[in-house]
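Asks: Structure supplied as data23.cif; contents: mmCIF, C-alpha atoms and all ligand atoms.
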```cif
data_model
loop_
_atom_site.group_PDB
_atom_site.id
_atom_site.type_symbol
_atom_site.label_atom_id
_atom_site.label_comp_id
_atom_site.auth_asym_id
_atom_site.auth_seq_id
_atom_site.Cartn_x
_atom_site.Cartn_y
_atom_site.Cartn_z
ATOM 1 C CA MET M 88 -26.506 7.735 16.284
ATOM 2 C CA PRO M 89 -27.790 10.308 13.731
ATOM 3 C CA THR M 90 -27.516 9.249 10.097
ATOM 4 C CA VAL M 91 -25.197 10.949 7.641
ATOM 5 C CA ARG M 92 -28.193 12.426 5.778
ATOM 6 C CA GLU M 93 -29.678 13.806 9.019
ATOM 7 C CA LEU M 94 -26.367 15.376 10.017
ATOM 8 C CA ARG M 95 -25.915 16.943 6.579
ATOM 9 C CA ALA M 96 -29.423 18.376 6.636
ATOM 10 C CA THR M 97 -29.184 19.698 10.222
ATOM 11 C CA HIS M 98 -25.852 21.421 9.613
ATOM 12 C CA HIS M 99 -26.518 22.405 5.958
ATOM 13 C CA ILE M 100 -23.468 20.553 4.736
ATOM 14 C CA HIS M 101 -22.801 20.295 1.013
ATOM 15 C CA THR M 102 -20.174 17.684 0.362
ATOM 16 C CA LYS M 103 -16.914 18.727 -1.270
ATOM 17 C CA LYS M 104 -15.791 16.231 -3.854
ATOM 18 C CA ARG M 105 -12.313 17.738 -4.041
ATOM 19 C CA LEU M 106 -11.775 16.799 -0.364
ATOM 20 C CA GLY M 107 -12.914 13.238 -1.060
ATOM 21 C CA GLN M 108 -15.987 13.599 1.134
ATOM 22 C CA SER M 109 -17.942 10.382 1.016
ATOM 23 C CA PHE M 110 -19.309 9.550 4.437
ATOM 24 C CA LEU M 111 -19.641 6.030 5.748
ATOM 25 C CA GLU M 112 -23.270 5.550 6.732
ATOM 26 C CA ASP M 113 -23.368 1.792 7.289
ATOM 27 C CA ASN M 114 -23.120 1.369 11.062
ATOM 28 C CA HIS M 115 -22.129 -2.290 10.788
ATOM 29 C CA ALA M 116 -19.126 -1.312 8.685
ATOM 30 C CA ILE M 117 -18.216 1.411 11.201
ATOM 31 C CA GLN M 118 -18.387 -1.070 14.072
ATOM 32 C CA LYS M 119 -16.350 -3.631 12.178
ATOM 33 C CA ILE M 120 -13.622 -1.044 11.463
ATOM 34 C CA VAL M 121 -13.543 -0.014 15.128
ATOM 35 C CA SER M 122 -13.350 -3.652 16.232
ATOM 36 C CA LEU M 123 -10.410 -4.190 13.835
ATOM 37 C CA ALA M 124 -8.592 -1.382 15.650
ATOM 38 C CA GLY M 125 -9.314 -2.851 19.091
ATOM 39 C CA PRO M 126 -9.019 -3.561 21.934
ATOM 40 C CA LEU M 127 -8.991 0.187 22.383
ATOM 41 C CA GLN M 128 -8.928 0.816 26.126
ATOM 42 C CA ASP M 129 -5.946 3.003 27.054
ATOM 43 C CA GLN M 130 -5.118 3.536 23.406
ATOM 44 C CA THR M 131 -4.628 6.844 21.655
ATOM 45 C CA ILE M 132 -6.350 6.835 18.296
ATOM 46 C CA VAL M 133 -5.609 9.365 15.584
ATOM 47 C CA GLU M 134 -8.569 9.479 13.225
ATOM 48 C CA ILE M 135 -7.806 10.885 9.785
ATOM 49 C CA GLY M 136 -10.606 12.913 8.197
ATOM 50 C CA ALA M 137 -13.259 12.632 10.913
ATOM 51 C CA GLY M 138 -15.970 14.169 8.680
ATOM 52 C CA LEU M 139 -19.325 14.319 10.450
ATOM 53 C CA GLY M 140 -18.023 12.234 13.336
ATOM 54 C CA ASN M 141 -19.944 8.950 13.228
ATOM 55 C CA MET M 142 -16.794 6.841 13.344
ATOM 56 C CA THR M 143 -15.278 9.242 15.897
ATOM 57 C CA GLU M 144 -18.250 8.636 18.179
ATOM 58 C CA GLU M 145 -17.873 4.859 17.930
ATOM 59 C CA LEU M 146 -14.130 5.113 18.595
ATOM 60 C CA ALA M 147 -14.700 7.413 21.573
ATOM 61 C CA LYS M 148 -16.982 4.841 23.232
ATOM 62 C CA GLN M 149 -14.000 2.536 23.642
ATOM 63 C CA ALA M 150 -10.705 4.365 23.260
ATOM 64 C CA GLY M 151 -8.771 6.188 25.965
ATOM 65 C CA ARG M 152 -8.290 9.189 23.699
ATOM 66 C CA VAL M 153 -9.299 10.117 20.148
ATOM 67 C CA ILE M 154 -7.530 12.829 18.178
ATOM 68 C CA ALA M 155 -9.806 13.670 15.260
ATOM 69 C CA LEU M 156 -8.123 15.441 12.331
ATOM 70 C CA GLU M 157 -10.225 17.350 9.828
ATOM 71 C CA ILE M 158 -9.468 20.024 7.269
ATOM 72 C CA ASP M 159 -12.942 21.285 6.299
ATOM 73 C CA LEU M 160 -13.968 24.246 8.485
ATOM 74 C CA ARG M 161 -17.703 23.485 8.358
ATOM 75 C CA LEU M 162 -17.113 19.879 9.371
ATOM 76 C CA LEU M 163 -14.780 21.057 12.138
ATOM 77 C CA ASP M 164 -17.659 23.135 13.442
ATOM 78 C CA VAL M 165 -19.973 20.089 13.442
ATOM 79 C CA LEU M 166 -17.329 17.960 15.163
ATOM 80 C CA ARG M 167 -16.615 20.577 17.847
ATOM 81 C CA LYS M 168 -20.291 20.932 18.693
ATOM 82 C CA ARG M 169 -20.812 17.200 18.693
ATOM 83 C CA PHE M 170 -17.885 16.359 20.984
ATOM 84 C CA SER M 171 -17.684 19.502 23.151
ATOM 85 C CA SER M 172 -18.752 17.548 26.241
ATOM 86 C CA LYS M 173 -16.424 14.595 25.588
ATOM 87 C CA ASN M 174 -13.000 15.433 26.907
ATOM 88 C CA ARG M 175 -11.534 12.236 25.500
ATOM 89 C CA VAL M 176 -12.042 13.595 21.968
ATOM 90 C CA GLU M 177 -9.744 16.332 20.647
ATOM 91 C CA VAL M 178 -10.807 17.860 17.356
ATOM 92 C CA LEU M 179 -7.906 19.370 15.425
ATOM 93 C CA ASP M 180 -8.039 21.705 12.441
ATOM 94 C CA GLN M 181 -5.242 19.869 10.719
ATOM 95 C CA ASP M 182 -4.119 18.784 7.272
ATOM 96 C CA VAL M 183 -3.006 15.192 7.832
ATOM 97 C CA LEU M 184 -0.133 15.642 5.377
ATOM 98 C CA LYS M 185 1.329 18.216 7.771
ATOM 99 C CA TYR M 186 0.457 16.419 11.009
ATOM 100 C CA ASP M 187 3.312 15.383 13.276
ATOM 101 C CA PHE M 188 2.249 11.898 14.426
ATOM 102 C CA SER M 189 5.115 11.812 16.937
ATOM 103 C CA GLN M 190 3.289 14.442 19.030
ATOM 104 C CA ALA M 191 0.034 12.492 19.422
ATOM 105 C CA ASP M 192 1.189 10.516 22.465
ATOM 106 C CA ARG M 193 4.582 10.956 24.101
ATOM 107 C CA ASP M 194 4.324 7.767 26.179
ATOM 108 C CA LYS M 195 3.099 5.062 23.872
ATOM 109 C CA LYS M 196 2.504 4.117 20.266
ATOM 110 C CA ILE M 197 -0.705 5.208 18.618
ATOM 111 C CA THR M 198 -3.293 3.539 16.386
ATOM 112 C CA VAL M 199 -4.281 5.361 13.214
ATOM 113 C CA VAL M 200 -7.807 4.909 11.861
ATOM 114 C CA GLY M 201 -9.472 6.545 8.892
ATOM 115 C CA ASN M 202 -11.761 6.406 5.953
ATOM 116 C CA ILE M 203 -9.252 8.026 3.643
ATOM 117 C CA PRO M 204 -10.048 10.579 0.953
ATOM 118 C CA TYR M 205 -8.742 8.817 -2.107
ATOM 119 C CA TYR M 206 -6.627 11.712 -3.340
ATOM 120 C CA LEU M 207 -4.545 11.374 -0.164
ATOM 121 C CA SER M 208 -3.898 7.627 -0.350
ATOM 122 C CA SER M 209 -0.389 7.564 -1.731
ATOM 123 C CA PRO M 210 1.208 10.562 0.064
ATOM 124 C CA LEU M 211 -0.455 9.541 3.319
ATOM 125 C CA LEU M 212 0.848 6.000 3.058
ATOM 126 C CA PHE M 213 4.445 7.180 2.717
ATOM 127 C CA ARG M 214 3.949 9.676 5.540
ATOM 128 C CA LEU M 215 2.724 6.897 7.835
ATOM 129 C CA VAL M 216 5.724 4.761 6.882
ATOM 130 C CA SER M 217 8.012 7.645 7.822
ATOM 131 C CA TYR M 218 6.289 7.977 11.236
ATOM 132 C CA ARG M 219 6.115 4.211 11.855
ATOM 133 C CA ARG M 220 8.235 4.412 15.016
ATOM 134 C CA TYR M 221 5.306 6.128 16.744
ATOM 135 C CA ILE M 222 2.586 3.846 15.378
ATOM 136 C CA SER M 223 1.507 0.339 16.388
ATOM 137 C CA SER M 224 -1.065 -0.213 13.647
ATOM 138 C CA CYS M 225 -3.261 1.515 11.070
ATOM 139 C CA ILE M 226 -6.780 0.546 10.051
ATOM 140 C CA LEU M 227 -7.467 2.478 6.871
ATOM 141 C CA THR M 228 -10.227 2.377 4.283
ATOM 142 C CA PHE M 229 -8.828 2.847 0.800
ATOM 143 C CA GLN M 230 -10.257 2.602 -2.672
ATOM 144 C CA LYS M 231 -10.172 -1.142 -3.472
ATOM 145 C CA GLU M 232 -7.715 -0.782 -6.378
ATOM 146 C CA PHE M 233 -5.259 1.070 -4.143
ATOM 147 C CA ALA M 234 -5.676 -1.528 -1.374
ATOM 148 C CA GLU M 235 -4.868 -4.233 -3.921
ATOM 149 C CA ARG M 236 -1.693 -2.406 -4.832
ATOM 150 C CA ILE M 237 -0.545 -2.133 -1.205
ATOM 151 C CA THR M 238 -1.219 -5.805 -0.462
ATOM 152 C CA ALA M 239 0.103 -7.172 -3.797
ATOM 153 C CA HIS M 240 2.818 -9.829 -4.021
ATOM 154 C CA ALA M 241 5.775 -10.029 -6.403
ATOM 155 C CA GLY M 242 4.863 -11.210 -9.879
ATOM 156 C CA THR M 243 1.400 -9.657 -9.960
ATOM 157 C CA ARG M 244 0.256 -6.701 -12.064
ATOM 158 C CA GLN M 245 -0.596 -4.619 -8.988
ATOM 159 C CA TYR M 246 2.821 -5.082 -7.363
ATOM 160 C CA GLY M 247 4.768 -1.829 -7.286
ATOM 161 C CA ILE M 248 6.454 0.849 -5.174
ATOM 162 C CA PRO M 249 3.774 1.047 -2.404
ATOM 163 C CA SER M 250 3.641 -2.773 -2.085
ATOM 164 C CA VAL M 251 7.400 -3.088 -1.528
ATOM 165 C CA ILE M 252 7.902 -0.057 0.715
ATOM 166 C CA VAL M 253 4.944 -0.838 2.976
ATOM 167 C CA ALA M 254 5.803 -4.559 3.183
ATOM 168 C CA LYS M 255 9.305 -3.694 4.374
ATOM 169 C CA TYR M 256 7.970 -2.048 7.512
ATOM 170 C CA MET M 257 4.443 -3.355 8.015
ATOM 171 C CA ASP M 258 2.390 -6.548 7.827
ATOM 172 C CA VAL M 259 -0.545 -5.693 5.585
ATOM 173 C CA SER M 260 -3.855 -7.384 4.947
ATOM 174 C CA CYS M 261 -7.163 -6.475 3.368
ATOM 175 C CA GLU M 262 -9.754 -7.213 6.068
ATOM 176 C CA LEU M 263 -13.079 -6.095 4.659
ATOM 177 C CA VAL M 264 -14.544 -4.987 1.352
ATOM 178 C CA ILE M 265 -17.153 -2.221 1.637
ATOM 179 C CA PRO M 266 -19.531 -1.686 -1.300
ATOM 180 C CA PRO M 267 -20.313 1.816 -2.651
ATOM 181 C CA GLU M 268 -23.858 1.683 -1.145
ATOM 182 C CA ALA M 269 -22.367 1.895 2.347
ATOM 183 C CA PHE M 270 -21.323 5.519 1.702
ATOM 184 C CA TYR M 271 -23.158 8.766 1.107
ATOM 185 C CA PRO M 272 -22.625 10.255 -1.412
ATOM 186 C CA ARG M 273 -21.893 6.993 -3.179
ATOM 187 C CA PRO M 274 -18.401 6.580 -4.620
ATOM 188 C CA GLU M 275 -18.046 4.849 -7.984
ATOM 189 C CA VAL M 276 -15.941 1.985 -6.679
ATOM 190 C CA SER M 277 -15.751 -0.394 -3.730
ATOM 191 C CA SER M 278 -13.459 0.250 -0.791
ATOM 192 C CA CYS M 279 -11.292 -2.028 1.251
ATOM 193 C CA VAL M 280 -10.333 -1.802 4.919
ATOM 194 C CA VAL M 281 -6.621 -2.495 5.215
ATOM 195 C CA ARG M 282 -4.883 -3.418 8.438
ATOM 196 C CA MET M 283 -1.212 -2.414 8.603
ATOM 197 C CA THR M 284 0.694 -3.619 11.656
ATOM 198 C CA VAL M 285 4.131 -2.091 12.126
ATOM 199 C CA LYS M 286 6.822 -4.785 12.209
ATOM 200 C CA LYS M 287 9.283 -4.949 15.058
ATOM 201 C CA THR M 288 12.458 -4.560 13.034
ATOM 202 C CA ALA M 289 15.764 -2.968 13.822
ATOM 203 C CA ASP M 290 16.547 0.351 12.175
ATOM 204 C CA ASP M 291 17.925 -0.127 8.679
ATOM 205 C CA PRO M 292 21.072 1.929 7.990
ATOM 206 C CA HIS M 293 20.308 1.757 4.253
ATOM 207 C CA GLU M 294 16.685 2.867 4.496
ATOM 208 C CA LYS M 295 17.067 5.821 2.129
ATOM 209 C CA LEU M 296 19.005 3.818 -0.435
ATOM 210 C CA PHE M 297 16.364 1.060 -0.241
ATOM 211 C CA GLU M 298 13.632 3.524 -1.151
ATOM 212 C CA ARG M 299 15.733 5.004 -3.961
ATOM 213 C CA VAL M 300 16.450 1.562 -5.391
ATOM 214 C CA VAL M 301 12.768 0.541 -5.267
ATOM 215 C CA ARG M 302 11.601 3.785 -6.891
ATOM 216 C CA GLY M 303 14.375 3.619 -9.497
ATOM 217 C CA ALA M 304 13.763 -0.047 -10.293
ATOM 218 C CA PHE M 305 10.068 0.597 -10.978
ATOM 219 C CA ALA M 306 10.632 3.890 -12.833
ATOM 220 C CA HIS M 307 10.212 2.241 -16.246
ATOM 221 C CA ARG M 308 8.250 -0.961 -15.724
ATOM 222 C CA ARG M 309 9.103 -2.351 -19.171
ATOM 223 C CA LYS M 310 12.839 -1.917 -18.704
ATOM 224 C CA ASN M 311 14.971 -4.457 -16.906
ATOM 225 C CA LEU M 312 16.661 -3.839 -13.562
ATOM 226 C CA LEU M 313 20.048 -3.118 -15.095
ATOM 227 C CA ASN M 314 18.771 -0.333 -17.343
ATOM 228 C CA ASN M 315 16.620 1.213 -14.628
ATOM 229 C CA LEU M 316 19.552 1.309 -12.218
ATOM 230 C CA ILE M 317 21.827 2.759 -14.921
ATOM 231 C CA TYR M 318 19.249 5.564 -15.299
ATOM 232 C CA MET M 319 19.741 6.222 -11.585
ATOM 233 C CA GLY M 320 23.376 7.045 -12.277
ATOM 234 C CA PHE M 321 25.189 3.826 -11.323
ATOM 235 C CA SER M 322 27.841 2.571 -13.741
ATOM 236 C CA LYS M 323 27.295 -0.644 -15.690
ATOM 237 C CA ASP M 324 30.512 -2.171 -14.327
ATOM 238 C CA LEU M 325 29.488 -1.541 -10.746
ATOM 239 C CA LEU M 326 26.013 -2.916 -11.379
ATOM 240 C CA ASP M 327 27.337 -6.047 -13.100
ATOM 241 C CA ALA M 328 29.384 -6.772 -9.969
ATOM 242 C CA VAL M 329 26.433 -6.024 -7.669
ATOM 243 C CA PHE M 330 23.999 -8.253 -9.562
ATOM 244 C CA PHE M 331 26.571 -11.031 -9.659
ATOM 245 C CA LYS M 332 27.215 -10.802 -5.922
ATOM 246 C CA SER M 333 23.543 -10.607 -4.967
ATOM 247 C CA ARG M 334 22.711 -13.484 -7.354
ATOM 248 C CA ILE M 335 19.947 -11.550 -9.035
ATOM 249 C CA ASP M 336 19.556 -11.681 -12.800
ATOM 250 C CA SER M 337 19.925 -8.079 -14.032
ATOM 251 C CA ASP M 338 17.595 -8.825 -16.927
ATOM 252 C CA ARG M 339 14.636 -9.280 -14.570
ATOM 253 C CA ARG M 340 12.006 -6.590 -14.122
ATOM 254 C CA ALA M 341 11.298 -4.898 -10.804
ATOM 255 C CA GLN M 342 7.814 -6.412 -10.514
ATOM 256 C CA THR M 343 9.326 -9.919 -10.169
ATOM 257 C CA LEU M 344 11.591 -9.072 -7.215
ATOM 258 C CA THR M 345 10.540 -10.084 -3.714
ATOM 259 C CA LEU M 346 11.034 -7.825 -0.718
ATOM 260 C CA GLU M 347 14.024 -9.934 0.370
ATOM 261 C CA GLU M 348 15.624 -9.567 -3.066
ATOM 262 C CA PHE M 349 15.184 -5.790 -2.987
ATOM 263 C CA ALA M 350 16.767 -5.741 0.475
ATOM 264 C CA ASN M 351 19.649 -7.920 -0.703
ATOM 265 C CA LEU M 352 20.211 -5.763 -3.799
ATOM 266 C CA THR M 353 20.238 -2.595 -1.681
ATOM 267 C CA HIS M 354 22.650 -4.082 0.834
ATOM 268 C CA THR M 355 25.073 -5.235 -1.880
ATOM 269 C CA LEU M 356 24.830 -1.898 -3.675
ATOM 270 C CA ALA M 357 25.517 -0.050 -0.408
ATOM 271 C CA GLU M 358 28.614 -2.168 0.192
ATOM 272 C CA ALA M 359 29.843 -1.703 -3.368
ATOM 273 C CA THR M 360 29.409 2.073 -3.293
ATOM 274 C CA GLN M 361 30.144 2.397 0.432
ATOM 275 C CA GLN M 362 27.090 4.633 0.674
ATOM 276 C CA SER M 363 26.736 6.269 4.003
ATOM 277 C CA PRO M 364 23.247 5.770 5.541
HETATM 278 N N1 LIG P 1 -14.532 9.690 8.567
HETATM 279 C C1 LIG P 1 -15.719 10.161 7.880
HETATM 280 C C2 LIG P 1 -16.590 8.969 7.527
HETATM 281 O O1 LIG P 1 -16.101 7.859 7.545
HETATM 282 O O2 LIG P 1 -17.759 9.173 7.212
HETATM 283 C C3 LIG P 1 -15.371 10.971 6.617
HETATM 284 C C4 LIG P 1 -14.616 10.246 5.541
HETATM 285 S S1 LIG P 1 -14.400 11.175 4.060
HETATM 286 C C5 LIG P 1 -14.015 9.874 2.929
HETATM 287 C C6 LIG P 1 -12.797 11.907 4.243
HETATM 288 C C7 LIG P 1 -12.700 13.095 5.183
HETATM 289 O O3 LIG P 1 -11.343 13.570 5.177
HETATM 290 C C8 LIG P 1 -13.561 14.286 4.803
HETATM 291 O O4 LIG P 1 -14.277 14.707 5.918
HETATM 292 C C9 LIG P 1 -12.549 15.362 4.350
HETATM 293 O O5 LIG P 1 -12.983 16.684 4.607
HETATM 294 C C10 LIG P 1 -11.326 14.987 5.182
HETATM 295 N N2 LIG P 1 -10.057 15.431 4.579
HETATM 296 C C11 LIG P 1 -9.777 15.613 3.264
HETATM 297 N N3 LIG P 1 -8.508 16.004 3.093
HETATM 298 C C12 LIG P 1 -7.943 16.055 4.341
HETATM 299 C C13 LIG P 1 -6.645 16.400 4.827
HETATM 300 N N4 LIG P 1 -5.656 16.734 3.992
HETATM 301 N N5 LIG P 1 -6.429 16.360 6.158
HETATM 302 C C14 LIG P 1 -7.429 16.006 7.023
HETATM 303 N N6 LIG P 1 -8.671 15.669 6.623
HETATM 304 C C15 LIG P 1 -8.934 15.687 5.292
#
```
In structure tokens, what does this structure look like?
Ligand code: SAM

Replies:
Amino acid sequence: MPTVRELRATHHIHTKKRLGQSFLEDNHAIQKIVSLAGPLQDQTIVEIGAGLGNMTEELAKQAGRVIALEIDLRLLDVLRKRFSSKNRVEVLDQDVLKYDFSQADRDKKITVVGNIPYYLSSPLLFRLVSYRRYISSCILTFQKEFAERITAHAGTRQYGIPSVIVAKYMDVSCELVIPPEAFYPRPEVSSCVVRMTVKKTADDPHEKLFERVVRGAFAHRRKNLLNNLIYMGFSKDLLDAVFFKSRIDSDRRAQTLTLEEFANLTHTLAEATQQSP
């Protein structure tokens, strides 16, 4: 496999920082990421930000089909030349934040893999949650600090909106830490490969309210739950009744609430306000 530096030199590629271009050049790390996604036979993989294609090539050795998304026209050119003879690889000129994951495979759930440009981390995460019905798992390399936020538990400093929303729908774990030296150009911080496996749960009729409650509860981290929910527009009387019924102390802060407590609070609030789904 050609190295990142060789590919850049051959194709005269200057990396674009604004697109988060930092290419993974450690082949062991690439293989480990691909093995985390496996077994891949018969699977459809959507790779986010395929770059120069080294991970794409490793995925294509094993997967039934690889859909490689890229937004940079020069990199798309490199990818198209590199995979023109491999009909299992489809290279798409596609912004991942506009990609319709439901179209990737009409018959079965897909696996999403990617070394994510850091500026995309948060919006991408919520997009994947919204498309979870079409996804079996995601193996994504995030900046380590962001990975710590997604995998954080209640009561920790890192625990926040992404931790709660992702945990509701996915089992998450940090599988591998990759040091800056594994990338070219080198990022300033370490990265972490996160595995997110979509849970088999029934559809939640209060899904939208759940997300509103979580976002509202964390809106002002120093304020207690009662005040944050009052800011959302609920009356104090209603909230007093809801906190009493759900047996949650309204003086607590959002970062102390477990996923189950958020779910309970949402459910009780939905009943009290008779919110339609
Ligand atoms: N997968 C390659 C690797 O591991 O070496 C490249 C990873 S690099 C961190 C991220 C890639 O995502 C870049 O190639 C960048 O051009 C691409 N990218 C950035 N924004 C994107 C977007 N909105 N949609 C699709 N690809 C994007």

Asks: Of the candidates M:Gln342, M:Asn202, M:Ser250, M:Ser171, which shows the shortest atom-to-atom distance to Asn311 of chain M, using all atoms listed in the file?

Replies: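 So, comparing all the options, the nearest one is M:Gln342.
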
Asks: Just how far from atom CA of Ile197 of chain M is atom CA of Gly151 of chain M, in Å to one decimal?

Replies: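 Between atom CA of Gly151 of chain M and atom CA of Ile197 of chain M the gap works out to 11.0 Å.
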
Asks: Scan for residues within 8 Å of the point (4.2, -11.4, -5.5) in the coordinates of the file, using only C-alpha atoms, and reply as a PyMOL selection string.

Replies: chain M and resi 239-243+246+342-345

Asks: So, with only C-alpha atoms as the atoms that count, which of M:Asn114, M:Gly201, M:Val280, M:Thr143 lies closest to Phe233 of chain M?

Replies: M:Val280

Asks: Name every residue that the PyMOL selection byres (((chain M and resi 354) around 12) and not hetatm) selects in this structure, writing the answer as a PyMOL selection string with chains first and numbers rising.

Replies: chain M and resi 291-298+300+329-330+332-333+347-353+355-364

Asks: Produce as a ChimeraX atom specification the set of residues near ligand LIG 1 (chain P), where near means within 10 Å with all atoms listed in the file considered.

Replies: /M:91,102-113,116-117,134-143,155-163,179-186,200-207,211,228-230,269-272,274

Asks: When distances are computed from only C-alpha atoms, which of M:Ala289, M:Gly303, M:Glu232, M:Glu144 shows the smallest separation from Val276 of chain M?

Replies: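 Checking each of M:Ala289, M:Gly303, M:Glu232, M:Glu144 against Val276 of chain M, counting only C-alpha atoms, the winner is M:Glu232.
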
Asks: Would you mind telling me which residue in M:Lys310, M:Arg244, M:Lys323, M:Arg282 lies nearest to Ser223 of chain M when using all atoms listed in the file?

Replies: M:Arg282

Asks: Quick one, how far is atom CA of Lys286 of chain M from atom CA of Met257 of chain M?

Replies: 5.0 Å

Asks: Rounded to one decimal, what separation in Å do you get between atom CA of Asn315 of chain M and atom CA of Phe213 of chain M?

Replies: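 So the answer is 22.0 Å.
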
Asks: Could you check the closest approach to Leu146 of chain M for each of M:Ser172, M:Ser260, M:Thr198, M:Asn314 and tell me which residue wins, using all atoms listed in the file?

Replies: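 The closest residue to Leu146 of chain M is M:Thr198.
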
Asks: Please list as a PyMOL selection string every residue within 10 Å of Leu215 of chain M, counting only C-alpha atoms and excluding residues in the same chain fewer than 3 positions away.

Replies: chain M and resi 184+188+199+210-212+218-222+224-225+253

Asks: For the residues in the current selection, export C-alpha atoms as an mmCIF file, keeping the file's coordinate frame.

Replies:
```
data_model
loop_
_atom_site.group_PDB
_atom_site.id
_atom_site.type_symbol
_atom_site.label_atom_id
_atom_site.label_comp_id
_atom_site.auth_asym_id
_atom_site.auth_seq_id
_atom_site.Cartn_x
_atom_site.Cartn_y
_atom_site.Cartn_z
ATOM 1 C CA LEU M 184 -0.133 15.642 5.377
ATOM 2 C CA PHE M 188 2.249 11.898 14.426
ATOM 3 C CA VAL M 199 -4.281 5.361 13.214
ATOM 4 C CA PRO M 210 1.208 10.562 0.064
ATOM 5 C CA LEU M 211 -0.455 9.541 3.319
ATOM 6 C CA LEU M 212 0.848 6.000 3.058
ATOM 7 C CA TYR M 218 6.289 7.977 11.236
ATOM 8 C CA ARG M 219 6.115 4.211 11.855
ATOM 9 C CA ARG M 220 8.235 4.412 15.016
ATOM 10 C CA TYR M 221 5.306 6.128 16.744
ATOM 11 C CA ILE M 222 2.586 3.846 15.378
ATOM 12 C CA SER M 224 -1.065 -0.213 13.647
ATOM 13 C CA CYS M 225 -3.261 1.515 11.070
ATOM 14 C CA VAL M 253 4.944 -0.838 2.976
#
```

Asks: Applied to this file, what does the PyMOL selection byres (((chain M and resi 130) around 10) and not hetatm) return in terms of residues, put as a ChimeraX atom specification?

Replies: /M:124-129,131-133,149-153,192,195-198

Asks: Could you give me, as an mmCIF file with C-alpha atoms, keeping the file's coordinate frame, the residues that have an atom at most 12 Å away from the point (8.1, -6.1, -22.6) in the coordinates of the file, using all atoms listed in the file?

Replies:
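Written file, result32.cif:
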```cif
data_model
loop_
_atom_site.group_PDB
_atom_site.id
_atom_site.type_symbol
_atom_site.label_atom_id
_atom_site.label_comp_id
_atom_site.auth_asym_id
_atom_site.auth_seq_id
_atom_site.Cartn_x
_atom_site.Cartn_y
_atom_site.Cartn_z
ATOM 1 C CA HIS M 307 10.212 2.241 -16.246
ATOM 2 C CA ARG M 308 8.250 -0.961 -15.724
ATOM 3 C CA ARG M 309 9.103 -2.351 -19.171
ATOM 4 C CA LYS M 310 12.839 -1.917 -18.704
ATOM 5 C CA ASN M 311 14.971 -4.457 -16.906
ATOM 6 C CA ASP M 338 17.595 -8.825 -16.927
ATOM 7 C CA ARG M 339 14.636 -9.280 -14.570
ATOM 8 C CA ARG M 340 12.006 -6.590 -14.122
#
```

Asks: For a quick check of understanding, using only C-alpha atoms, which of M:His98, M:Arg273, M:Lys287, M:Arg236 has the smallest distance to Leu166 of chain M?

Replies: M:His98
